[in-house]
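Asker: Got a structure for you, structure25.txt, holding compact mmCIF, C-alpha atoms (C1' of nucleotides).
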# COMPACT_ATOMS: atom_id res chain seq x y z
CA MET B 177 -3.17 -11.50 -76.60
CA SER B 178 -2.27 -13.82 -73.72
CA SER B 179 -5.82 -14.95 -73.48
CA VAL B 180 -6.22 -17.76 -70.94
CA PRO B 181 -9.75 -18.44 -72.18
CA SER B 182 -12.38 -17.54 -69.65
CA ASP B 183 -12.97 -20.15 -66.97
CA SER B 184 -16.39 -20.81 -68.37
CA GLU B 185 -16.44 -24.55 -67.76
CA GLN B 186 -17.45 -26.07 -64.49
CA VAL B 187 -14.31 -27.24 -62.74
CA SER B 188 -13.59 -28.03 -59.13
CA LEU B 189 -12.08 -25.57 -56.72
CA GLU B 190 -8.88 -27.61 -56.58
CA THR B 191 -8.56 -27.68 -60.33
CA GLN B 192 -9.07 -23.95 -60.51
CA GLN B 193 -6.25 -23.40 -58.03
CA TYR B 194 -4.11 -25.88 -59.89
CA ARG B 195 -4.50 -24.04 -63.19
CA LEU B 196 -4.02 -20.67 -61.59
CA PHE B 197 -0.73 -21.74 -60.05
CA HIS B 198 0.46 -22.96 -63.39
CA ASP B 199 -0.52 -19.80 -65.23
CA ILE B 200 0.87 -17.49 -62.58
CA TYR B 201 4.16 -19.35 -62.65
CA VAL B 202 4.44 -18.88 -66.40
CA PHE B 203 3.55 -15.20 -66.30
CA LEU B 204 5.90 -14.51 -63.41
CA ASP B 205 8.70 -16.08 -65.36
CA ALA B 206 7.88 -14.02 -68.44
CA GLY B 207 7.88 -10.85 -66.35
CA ASP B 208 11.21 -11.80 -64.79
CA SER B 209 12.82 -12.29 -68.16
CA ARG B 210 11.77 -8.82 -69.06
CA ALA B 211 12.84 -7.26 -65.77
CA LEU B 212 16.26 -8.89 -66.03
CA GLU B 213 17.12 -8.52 -69.67
CA GLY B 214 19.07 -5.34 -69.03
CA PHE B 215 21.38 -7.36 -66.81
CA HIS B 216 21.89 -10.24 -69.23
CA LEU B 217 20.69 -12.66 -66.59
CA THR B 218 18.21 -15.49 -67.10
CA PRO B 219 15.56 -16.04 -64.44
CA SER B 220 17.43 -19.16 -63.30
CA GLN B 221 20.71 -17.35 -62.97
CA PHE B 222 19.02 -14.58 -61.09
CA SER B 223 17.22 -16.85 -58.66
CA LEU B 224 20.59 -18.36 -57.80
CA LEU B 225 22.32 -15.02 -57.58
CA MET B 226 19.59 -13.86 -55.22
CA LEU B 227 20.69 -16.43 -52.66
CA LEU B 228 24.34 -15.48 -52.60
CA ASP B 229 25.50 -13.43 -49.66
CA PRO B 230 28.21 -10.94 -50.60
CA PHE B 231 30.14 -11.78 -47.45
CA GLU B 232 29.87 -15.54 -47.29
CA GLY B 233 30.85 -18.61 -49.24
CA HIS B 234 28.17 -21.05 -50.30
CA ASN B 235 28.04 -24.78 -50.51
CA LEU B 236 26.68 -26.06 -53.83
CA ILE B 237 24.45 -28.70 -52.36
CA ARG B 238 22.88 -26.26 -49.98
CA LEU B 239 22.08 -24.02 -52.94
CA ALA B 240 20.50 -26.91 -54.82
CA GLU B 241 18.24 -27.74 -51.88
CA ARG B 242 17.29 -24.15 -51.58
CA LEU B 243 16.31 -23.78 -55.22
CA LEU B 244 14.76 -27.24 -55.43
CA VAL B 245 16.87 -28.24 -58.41
CA ALA B 246 19.35 -31.04 -59.09
CA ARG B 247 22.96 -30.65 -57.99
CA SER B 248 24.09 -30.77 -61.59
CA THR B 249 21.91 -27.79 -62.38
CA ILE B 250 23.72 -25.75 -59.78
CA THR B 251 27.08 -26.88 -61.12
CA ARG B 252 26.12 -25.52 -64.51
CA LEU B 253 24.56 -22.31 -63.29
CA ILE B 254 27.69 -21.60 -61.28
CA ASP B 255 29.76 -22.36 -64.37
CA GLN B 256 27.79 -19.70 -66.22
CA LEU B 257 28.08 -17.10 -63.49
CA GLU B 258 31.78 -17.84 -63.23
CA LEU B 259 32.24 -17.22 -66.95
CA LEU B 260 30.42 -13.93 -66.49
CA GLY B 261 32.86 -13.03 -63.74
CA ILE B 262 30.09 -12.84 -61.18
CA VAL B 263 31.25 -15.61 -58.84
CA HIS B 264 34.31 -17.74 -58.30
CA ARG B 265 34.87 -21.12 -56.70
CA VAL B 266 37.13 -21.51 -53.71
CA SER B 267 37.94 -24.91 -52.31
CA ASP B 268 36.71 -25.43 -48.79
CA PRO B 269 39.66 -25.70 -46.39
CA ASN B 270 37.70 -27.93 -43.99
CA ASP B 271 36.45 -30.41 -46.55
CA ARG B 272 38.49 -31.08 -49.64
CA ARG B 273 35.48 -32.47 -51.49
CA ALA B 274 33.58 -29.24 -51.14
CA GLN B 275 33.67 -25.90 -52.89
CA GLN B 276 32.71 -22.50 -51.67
CA VAL B 277 31.05 -20.20 -54.15
CA ARG B 278 31.77 -16.56 -53.55
CA LEU B 279 30.59 -13.39 -55.23
CA THR B 280 33.24 -11.31 -56.91
CA GLU B 281 33.23 -7.59 -56.38
CA LYS B 282 31.69 -7.15 -59.79
CA GLY B 283 29.21 -9.87 -58.90
CA SER B 284 28.14 -8.12 -55.71
CA LEU B 285 27.51 -4.97 -57.66
CA ILE B 286 25.47 -6.68 -60.36
CA ARG B 287 23.53 -8.60 -57.75
CA GLU B 288 22.73 -5.44 -55.86
CA ARG B 289 21.44 -3.66 -58.94
CA ALA B 290 19.53 -6.65 -60.29
CA LEU B 291 17.90 -7.19 -56.92
CA ILE B 292 16.68 -3.64 -56.82
CA ALA B 293 15.35 -3.74 -60.36
CA HIS B 294 13.65 -7.05 -59.77
CA GLU B 295 12.13 -5.89 -56.52
CA ARG B 296 10.74 -2.83 -58.23
CA SER B 297 9.30 -4.98 -60.98
CA LEU B 298 7.74 -7.41 -58.52
CA ASN B 299 6.33 -4.54 -56.57
CA GLN B 300 4.64 -3.30 -59.68
CA ARG B 301 3.41 -6.71 -60.75
CA PHE B 302 1.96 -7.64 -57.38
CA GLY B 303 0.48 -4.20 -57.10
CA VAL B 304 -2.94 -5.39 -58.22
CA LEU B 305 -3.34 -6.74 -54.71
CA SER B 306 -3.43 -4.53 -51.63
CA ILE B 307 -0.86 -5.00 -48.90
CA HIS B 308 -3.50 -6.60 -46.77
CA GLU B 309 -4.42 -9.02 -49.54
CA GLN B 310 -0.78 -9.85 -50.13
CA GLU B 311 -0.36 -10.66 -46.46
CA THR B 312 -3.37 -12.95 -46.59
CA LEU B 313 -1.97 -14.56 -49.70
CA VAL B 314 1.43 -15.16 -48.12
CA ARG B 315 -0.20 -16.76 -45.10
CA LEU B 316 -2.24 -19.14 -47.23
CA LEU B 317 0.63 -19.93 -49.57
CA LYS B 318 2.92 -20.81 -46.69
CA ARG B 319 0.39 -23.21 -45.25
CA LEU B 320 -0.12 -24.76 -48.64
CA ARG B 321 3.59 -25.09 -49.31
CA ASP B 322 4.20 -26.73 -45.97
CA GLY B 323 1.34 -29.12 -46.60
CA LEU B 324 2.72 -30.01 -50.01
CA ILE B 325 6.15 -30.66 -48.52
CA ASP B 326 4.69 -33.07 -46.00
CA ASP B 327 2.87 -34.75 -48.81
CA VAL B 328 5.94 -35.11 -51.00
CA ASP B 329 8.00 -36.38 -48.07
CA LYS B 330 5.41 -38.97 -47.16
CA ALA B 331 5.90 -40.54 -50.57
CA MET Z 189 13.87 -33.91 -46.31
CA SER Z 190 12.59 -31.32 -48.78
CA SER Z 191 13.70 -28.61 -46.46
CA VAL Z 192 13.11 -25.16 -47.94
CA PRO Z 193 15.24 -23.56 -45.23
CA SER Z 194 13.16 -21.48 -42.86
CA ASP Z 195 12.39 -18.01 -44.14
CA SER Z 196 14.53 -16.53 -41.43
CA GLU Z 197 16.00 -13.69 -43.46
CA GLN Z 198 14.25 -10.40 -43.83
CA VAL Z 199 12.76 -10.27 -47.31
CA SER Z 200 10.01 -8.17 -48.79
CA LEU Z 201 6.43 -9.32 -49.04
CA GLU Z 202 6.72 -9.50 -52.80
CA THR Z 203 9.82 -11.63 -52.65
CA GLN Z 204 8.15 -13.97 -50.19
CA GLN Z 205 5.25 -14.45 -52.56
CA TYR Z 206 7.63 -14.88 -55.43
CA ARG Z 207 9.52 -17.68 -53.71
CA LEU Z 208 6.35 -19.33 -52.51
CA PHE Z 209 4.96 -19.48 -56.02
CA HIS Z 210 8.13 -21.06 -57.26
CA ASP Z 211 8.26 -23.67 -54.52
CA ILE Z 212 4.57 -24.51 -54.77
CA TYR Z 213 4.91 -24.96 -58.49
CA VAL Z 214 7.75 -27.43 -58.01
CA PHE Z 215 5.97 -29.40 -55.31
CA LEU Z 216 2.72 -29.52 -57.27
CA ASP Z 217 4.59 -30.93 -60.22
CA ALA Z 218 6.26 -33.55 -58.05
CA GLY Z 219 2.89 -34.56 -56.61
CA ASP Z 220 1.40 -34.78 -60.08
CA SER Z 221 4.15 -37.08 -61.29
CA ARG Z 222 3.32 -39.38 -58.43
CA ALA Z 223 -0.43 -39.20 -58.91
CA LEU Z 224 -0.09 -39.98 -62.60
CA GLU Z 225 2.58 -42.62 -62.67
CA GLY Z 226 0.02 -45.42 -62.70
CA PHE Z 227 -1.27 -44.03 -65.99
CA HIS Z 228 2.13 -43.66 -67.66
CA LEU Z 229 1.40 -40.01 -68.27
CA THR Z 230 3.78 -37.11 -67.64
CA PRO Z 231 2.37 -33.97 -66.04
CA SER Z 232 2.63 -32.21 -69.41
CA GLN Z 233 0.77 -34.92 -71.23
CA PHE Z 234 -1.88 -34.92 -68.56
CA SER Z 235 -2.38 -31.18 -68.57
CA LEU Z 236 -3.01 -31.39 -72.30
CA LEU Z 237 -5.25 -34.42 -71.98
CA MET Z 238 -7.26 -32.54 -69.35
CA LEU Z 239 -8.29 -29.99 -71.97
CA LEU Z 240 -9.59 -32.45 -74.52
CA ASP Z 241 -13.33 -32.87 -74.74
CA PRO Z 242 -14.39 -36.43 -75.57
CA PHE Z 243 -16.99 -35.14 -78.01
CA GLU Z 244 -15.14 -32.38 -79.82
CA GLY Z 245 -12.13 -31.85 -82.03
CA HIS Z 246 -9.46 -29.41 -80.96
CA ASN Z 247 -7.35 -26.92 -82.83
CA LEU Z 248 -3.64 -27.16 -81.98
CA ILE Z 249 -3.07 -23.44 -81.68
CA ARG Z 250 -6.00 -23.04 -79.35
CA LEU Z 251 -4.47 -25.74 -77.14
CA ALA Z 252 -1.10 -23.99 -77.14
CA GLU Z 253 -2.66 -20.71 -76.03
CA ARG Z 254 -4.56 -22.48 -73.37
CA LEU Z 255 -1.49 -24.20 -71.91
CA LEU Z 256 0.77 -21.20 -72.44
CA VAL Z 257 3.33 -23.18 -74.39
CA ALA Z 258 4.80 -22.91 -77.90
CA ARG Z 259 2.93 -24.39 -80.82
CA SER Z 260 5.78 -26.82 -81.43
CA THR Z 261 5.38 -28.17 -77.92
CA ILE Z 262 1.77 -29.06 -78.64
CA THR Z 263 2.79 -30.72 -81.89
CA ARG Z 264 5.14 -32.97 -79.96
CA LEU Z 265 2.79 -33.70 -77.09
CA ILE Z 266 0.09 -34.68 -79.56
CA ASP Z 267 2.65 -36.88 -81.33
CA GLN Z 268 3.23 -38.67 -78.04
CA LEU Z 269 -0.43 -39.09 -77.22
CA GLU Z 270 -1.04 -40.33 -80.74
CA LEU Z 271 1.66 -42.98 -80.35
CA LEU Z 272 -0.02 -44.04 -77.13
CA GLY Z 273 -3.27 -44.42 -79.02
CA ILE Z 274 -4.96 -41.77 -76.89
CA VAL Z 275 -5.73 -39.23 -79.62
CA HIS Z 276 -5.72 -39.04 -83.40
CA ARG Z 277 -5.46 -36.18 -85.84
CA VAL Z 278 -8.23 -35.43 -88.31
CA SER Z 279 -7.84 -32.78 -90.95
CA ASP Z 280 -10.26 -29.91 -90.58
CA PRO Z 281 -12.75 -29.94 -93.46
CA ASN Z 282 -13.22 -26.16 -93.30
CA ASP Z 283 -9.55 -25.20 -93.28
CA ARG Z 284 -7.02 -27.37 -95.02
CA ARG Z 285 -4.17 -25.92 -92.99
CA ALA Z 286 -5.71 -27.02 -89.74
CA GLN Z 287 -5.95 -30.27 -87.84
CA GLN Z 288 -8.50 -31.44 -85.36
CA VAL Z 289 -7.26 -33.50 -82.47
CA ARG Z 290 -9.76 -36.01 -81.19
CA LEU Z 291 -9.74 -38.44 -78.31
CA THR Z 292 -9.95 -42.09 -79.24
CA GLU Z 293 -12.29 -44.32 -77.30
CA LYS Z 294 -9.34 -45.67 -75.36
CA GLY Z 295 -8.20 -42.09 -74.83
CA SER Z 296 -11.53 -41.02 -73.39
CA LEU Z 297 -11.39 -43.87 -70.95
CA ILE Z 298 -7.84 -43.13 -69.83
CA ARG Z 299 -8.65 -39.45 -69.54
CA GLU Z 300 -11.67 -40.15 -67.42
CA ARG Z 301 -9.75 -42.35 -65.01
CA ALA Z 302 -6.71 -40.09 -64.83
CA LEU Z 303 -8.90 -37.08 -64.19
CA ILE Z 304 -10.57 -38.80 -61.27
CA ALA Z 305 -7.28 -39.94 -59.78
CA HIS Z 306 -5.72 -36.52 -60.21
CA GLU Z 307 -8.73 -34.80 -58.73
CA ARG Z 308 -8.59 -37.06 -55.71
CA SER Z 309 -4.90 -36.36 -55.33
CA LEU Z 310 -5.38 -32.59 -55.62
CA ASN Z 311 -8.19 -32.76 -53.15
CA GLN Z 312 -5.90 -34.41 -50.68
CA ARG Z 313 -2.99 -32.05 -51.35
CA PHE Z 314 -5.05 -28.88 -51.06
CA GLY Z 315 -6.75 -30.29 -48.01
CA VAL Z 316 -4.50 -28.33 -45.64
CA LEU Z 317 -6.67 -25.35 -46.48
CA SER Z 318 -10.35 -25.15 -45.59
CA ILE Z 319 -12.90 -24.68 -48.34
CA HIS Z 320 -13.34 -21.11 -47.26
CA GLU Z 321 -9.60 -20.49 -47.44
CA GLN Z 322 -9.41 -22.11 -50.85
CA GLU Z 323 -12.15 -19.82 -52.09
CA THR Z 324 -10.27 -16.81 -50.80
CA LEU Z 325 -7.12 -18.11 -52.44
CA VAL Z 326 -8.83 -18.60 -55.79
CA ARG Z 327 -10.20 -15.09 -55.67
CA LEU Z 328 -6.79 -13.57 -54.97
CA LEU Z 329 -5.01 -15.76 -57.49
CA LYS Z 330 -7.44 -14.81 -60.24
CA ARG Z 331 -6.90 -11.13 -59.59
CA LEU Z 332 -3.16 -11.63 -59.58
CA ARG Z 333 -3.19 -13.67 -62.76
CA ASP Z 334 -5.27 -11.09 -64.58
CA GLY Z 335 -2.94 -8.36 -63.39
CA LEU Z 336 0.09 -10.29 -64.59
CA ILE Z 337 -1.53 -10.81 -67.98
CA ASP Z 338 -2.12 -7.10 -68.39
CA ASP Z 339 1.47 -6.54 -67.42
CA VAL Z 340 2.86 -9.04 -69.91
CA ASP Z 341 0.64 -7.68 -72.66
CA LYS Z 342 1.72 -4.13 -72.00
CA ALA Z 343 5.28 -5.16 -72.86
C1' DT V 56 43.68 -49.60 -38.83
C1' DA V 57 40.76 -51.27 -42.73
C1' DC V 58 36.78 -51.60 -45.27
C1' DA V 59 32.22 -50.37 -46.37
C1' DC V 60 29.17 -46.51 -46.69
C1' DT V 61 28.16 -41.70 -47.32
C1' DT V 62 28.88 -37.22 -49.20
C1' DT V 63 30.42 -33.48 -52.72
C1' DG V 64 30.63 -32.02 -57.10
C1' DT V 65 31.07 -33.08 -62.12
C1' DT V 66 29.99 -35.33 -66.40
C1' DG V 67 27.33 -37.91 -70.19
C1' DC V 68 23.08 -38.67 -71.77
C1' DA V 69 18.26 -38.25 -72.74
C1' DA V 70 14.08 -35.69 -72.59
C1' DG V 71 11.45 -31.35 -72.77
C1' DT V 72 10.85 -26.87 -74.62
C1' DG V 73 11.11 -22.26 -77.15
C1' DC V 74 12.46 -19.84 -81.30
C1' DA V 75 13.06 -19.20 -86.08
C1' DA V 76 12.32 -20.83 -90.57
C1' DC V 77 9.47 -23.21 -93.56
C1' DA V 78 5.48 -25.02 -96.78
C1' DG V 79 0.91 -25.03 -97.57
C1' DT V 80 -3.54 -22.35 -96.98
C1' DT V 81 -6.44 -18.66 -96.31
C1' DT V 82 -7.66 -13.79 -96.20
C1' DC V 83 -8.03 -9.31 -97.70
C1' DA V 84 -6.92 -4.80 -99.91
C1' DG V 85 -6.57 -2.71 -104.25
C1' DC J 66 -8.82 -11.38 -109.62
C1' DT J 67 -4.11 -10.87 -107.84
C1' DG J 68 -0.43 -10.38 -104.84
C1' DA J 69 0.93 -9.40 -100.10
C1' DA J 70 0.18 -10.55 -95.55
C1' DA J 71 -1.46 -13.57 -92.02
C1' DC J 72 -2.31 -18.09 -90.25
C1' DT J 73 -1.57 -23.41 -89.18
C1' DG J 74 1.30 -26.87 -88.09
C1' DT J 75 5.95 -29.07 -88.44
C1' DT J 76 10.89 -29.31 -88.22
C1' DG J 77 15.89 -28.18 -86.95
C1' DC J 78 18.51 -26.28 -83.58
C1' DA J 79 20.01 -24.67 -79.19
C1' DC J 80 19.47 -24.51 -74.42
C1' DT J 81 17.98 -26.21 -69.90
C1' DT J 82 17.36 -29.72 -66.76
C1' DG J 83 17.14 -34.24 -64.19
C1' DC J 84 19.10 -38.78 -63.55
C1' DA J 85 22.61 -42.08 -63.11
C1' DA J 86 27.35 -43.03 -62.85
C1' DC J 87 31.59 -41.53 -61.39
C1' DA J 88 36.02 -39.95 -58.72
C1' DA J 89 37.65 -38.01 -54.74
C1' DA J 90 37.19 -37.27 -49.95
C1' DG J 91 35.20 -37.95 -45.50
C1' DT J 92 32.82 -40.96 -41.77
C1' DG J 93 32.07 -44.70 -38.95
C1' DT J 94 32.24 -49.50 -37.41
C1' DA J 95 34.43 -53.73 -36.41
Once you've parsed the file, please lay out its structure as structure tokens.
Answerer:
Amino acid sequence: MSSVPSDSEQVSLETQQYRLFHDIYVFLDAGDSRALEGFHLTPSQFSLLMLLDPFEGHNLIRLAERLLVARSTITRLIDQLELLGIVHRVSDPNDRRAQQVRLTEKGSLIRERALIAHERSLNQRFGVLSIHEQETLVRLLKRLRDGLIDDVDKA
Amino acid sequence: MSSVPSDSEQVSLETQQYRLFHDIYVFLDAGDSRALEGFHLTPSQFSLLMLLDPFEGHNLIRLAERLLVARSTITRLIDQLELLGIVHRVSDPNDRRAQQVRLTEKGSLIRERALIAHERSLNQRFGVLSIHEQETLVRLLKRLRDGLIDDVDKA
DNA sequence: TACACTTTGTTGCAAGTGCAACAGTTTCAG
DNA sequence: CTGAAACTGTTGCACTTGCAACAAAGTGTA
């Protein structure tokens, strides 16, 4: 089905990595959708929810930086989670421009359960690699990410 | 600037990989935009252009499978490239439902130049890893991708 | 203090994308 | 050969997202 035609052509090492990152991203997202559908959460909503501490308030801009998305995207994702009764906004007493996003009790519960389900799903999906291989992978990915950040910042 | 707050919290190996893939994807895309801006090509247009052989026609559905996007997305990307004079559609003589997408002469030239510039950029961006490390990475990524495909297909 | 500059969060708008429905073709079982 | 099913590509629609502009609030300098 999902074929990804065999890498028969001669392409450079960099291009191979490049394509692999793209494909893996797409497949991870597809797997997430499936893992989360029981919770009625989109992958975007979940990745935000993941960051919310049940015992702390969160600044919207900090969340945007964390997820690498625009501030307006966070505004809208929080709107959605608020409608679902998962979070609520509280105005920050120290800065009247700012909001604090807090999990509701219901939200904490949903988060907890979704996190577990997602973790289990990830565990299964990454299971093709041994723990040792996953550790190697994490080490390489971190170096690459940090390099890419430097590169983007240099621009 | 692009901070990605230090991974101070205790998260599972799988979750670390998960976040790294997301962040790397975003940064790669940002780097691509920069590498391609001189060509007036978006990363999506480029990734399609990359697949087009100067001497062959291409079936739209095959391209969609290859890029892991919906057929309608390819229709629109081809529309854009056609407006730019980079490709043209030819009806397939063997199947009157089908189209063949072909590079124009101008398109071949632009593709050639963009490919070189992108390759140079990738080379620089992946340069934080040694060749040996990149080979290891490719090996692990391929295994992971194939595992994820099986997983998606099982669904 | 006063005024310019920065910061926080929201909104309008435009662009990209997937899904479902569709028309025109092709294929294949009976 | 015929009709049902599958396939190819396009379109309408909804949803997501980034960017720019904005109001309100905070910061800092003269």
Asker: Pick out the chain J residues within 10 Å of chain B. Count only C-alpha atoms (C1' of nucleotides). Give them as a list in words.
Answerer: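 So the contacting residues turn out to be DT81, DT82, DG83, DC84, DA89, DA90 and DG91 of chain J.
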Asker: Between CA of Leu225 in chain B and CA of Phe203 in chain B, what is the distance in Å, rounded to a tenth?
Answerer: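 Spanning CA of Leu225 in chain B to CA of Phe203 in chain B is a straight-line distance of 20.7 Å.
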Asker: Mind listing as a PyMOL selection string which residues of chain V are within 8 Å of chain Z, counting only C-alpha atoms (C1' of nucleotides)?
Answerer: chain V and resi 72-73+79-81
Asker: Using only C-alpha atoms (C1' of nucleotides), which residues sit within 12 Å of DA95 in chain J once same-chain residues fewer than 6 positions away are excluded, as a VMD selection string?
Answerer: chain V and resid 56 to 59
Asker: When you draw a straight line from CA of Leu239 in chain B to CA of Gly219 in chain Z, how long is it in Å?
Answerer: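 Interatomic distance here is 22.2 Å.
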Asker: Within 8 Å of chain B, which residues belong to chain Z? Use all atoms listed in the file and report them as an NGL selection string.
Answerer: :Z and (189-193 or 201-205 or 208-216 or 218-219 or 253-254 or 256 or 307 or 310-311 or 313-314 or 316-317 or 321-323 or 325-326 or 328-333 or 335-337 or 339-341)
Asker: Just to confirm, what's the straight-line distance from CA of Gly214 in chain B to CA of Leu279 in chain B in Å (one decimal)?
Answerer: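 Between CA of Gly214 in chain B and CA of Leu279 in chain B the gap works out to 19.7 Å.
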Asker: Do you know which residues lie at most 10 Å from (27.2, -42.8, -38.3), with coordinates as in the file and only C-alpha atoms (C1' of nucleotides) counted, and could you write them as a list in words?
Answerer: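 Taken together, the residues in range are DC60 and DT61 of chain V; DT92, DG93 and DT94 of chain J.
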Asker: Could the centre and edge lengths of an axis-aligned box, enclosing all atoms of range 243-249 of chain Z in the file with 5 Å extra on each side, be given in Å to one decimal as JSON?
Answerer:
{"center_x": -10.0, "center_y": -29.3, "center_z": -80.4, "size_x": 23.9, "size_y": 21.7, "size_z": 14.8}
Asker: Would you kindly return, as a PyMOL selection string, each protein, DNA or RNA residue with an atom no farther than 10 Å from any atom of DC77 in chain V, considering all atoms listed in the file and excluding same-chain residues fewer than 2 positions away?
Answerer: (chain V and resi 75+79) or (chain J and resi 75-76)
Asker: Would you kindly return, as a list in words, each protein, DNA or RNA residue with an atom no farther than 12 Å from any atom of Pro230 in chain B, considering only C-alpha atoms (C1' of nucleotides) and excluding same-chain residues fewer than 4 positions away?
Answerer: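 The residues that qualify are Leu225, Met226, His234, Ile262, Val263, His264, Val277, Arg278, Leu279, Thr280, Glu281, Lys282, Gly283, Ser284, Leu285, Ile286, Arg287 and Glu288 of chain B.
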Asker: Fewer than 2 positions away in the same chain doesn't count, so skip those; otherwise give me all residues within 10 Å of DT66 in chain V, counting only C-alpha atoms (C1' of nucleotides), as a list in words.
Answerer: Ser248 of chain B; DG64 and DC68 of chain V; DA86 and DC87 of chain J
Asker: Could you list, as a PyMOL selection string, every residue within 10 Å of Phe234 in chain Z, counting only C-alpha atoms (C1' of nucleotides) and ignoring same-chain residues fewer than 4 positions away?
Answerer: chain Z and resi 220-221+224+227-230+238-239+265+269+299+302-303+306
Asker: Between B:Gln275, B:Thr251, B:Ser306, B:Asn235, which residue has the minimum interatomic distance to DT65 in chain V, considering only C-alpha atoms (C1' of nucleotides)?
Answerer: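 Smallest separation from DT65 in chain V among the options: B:Thr251.
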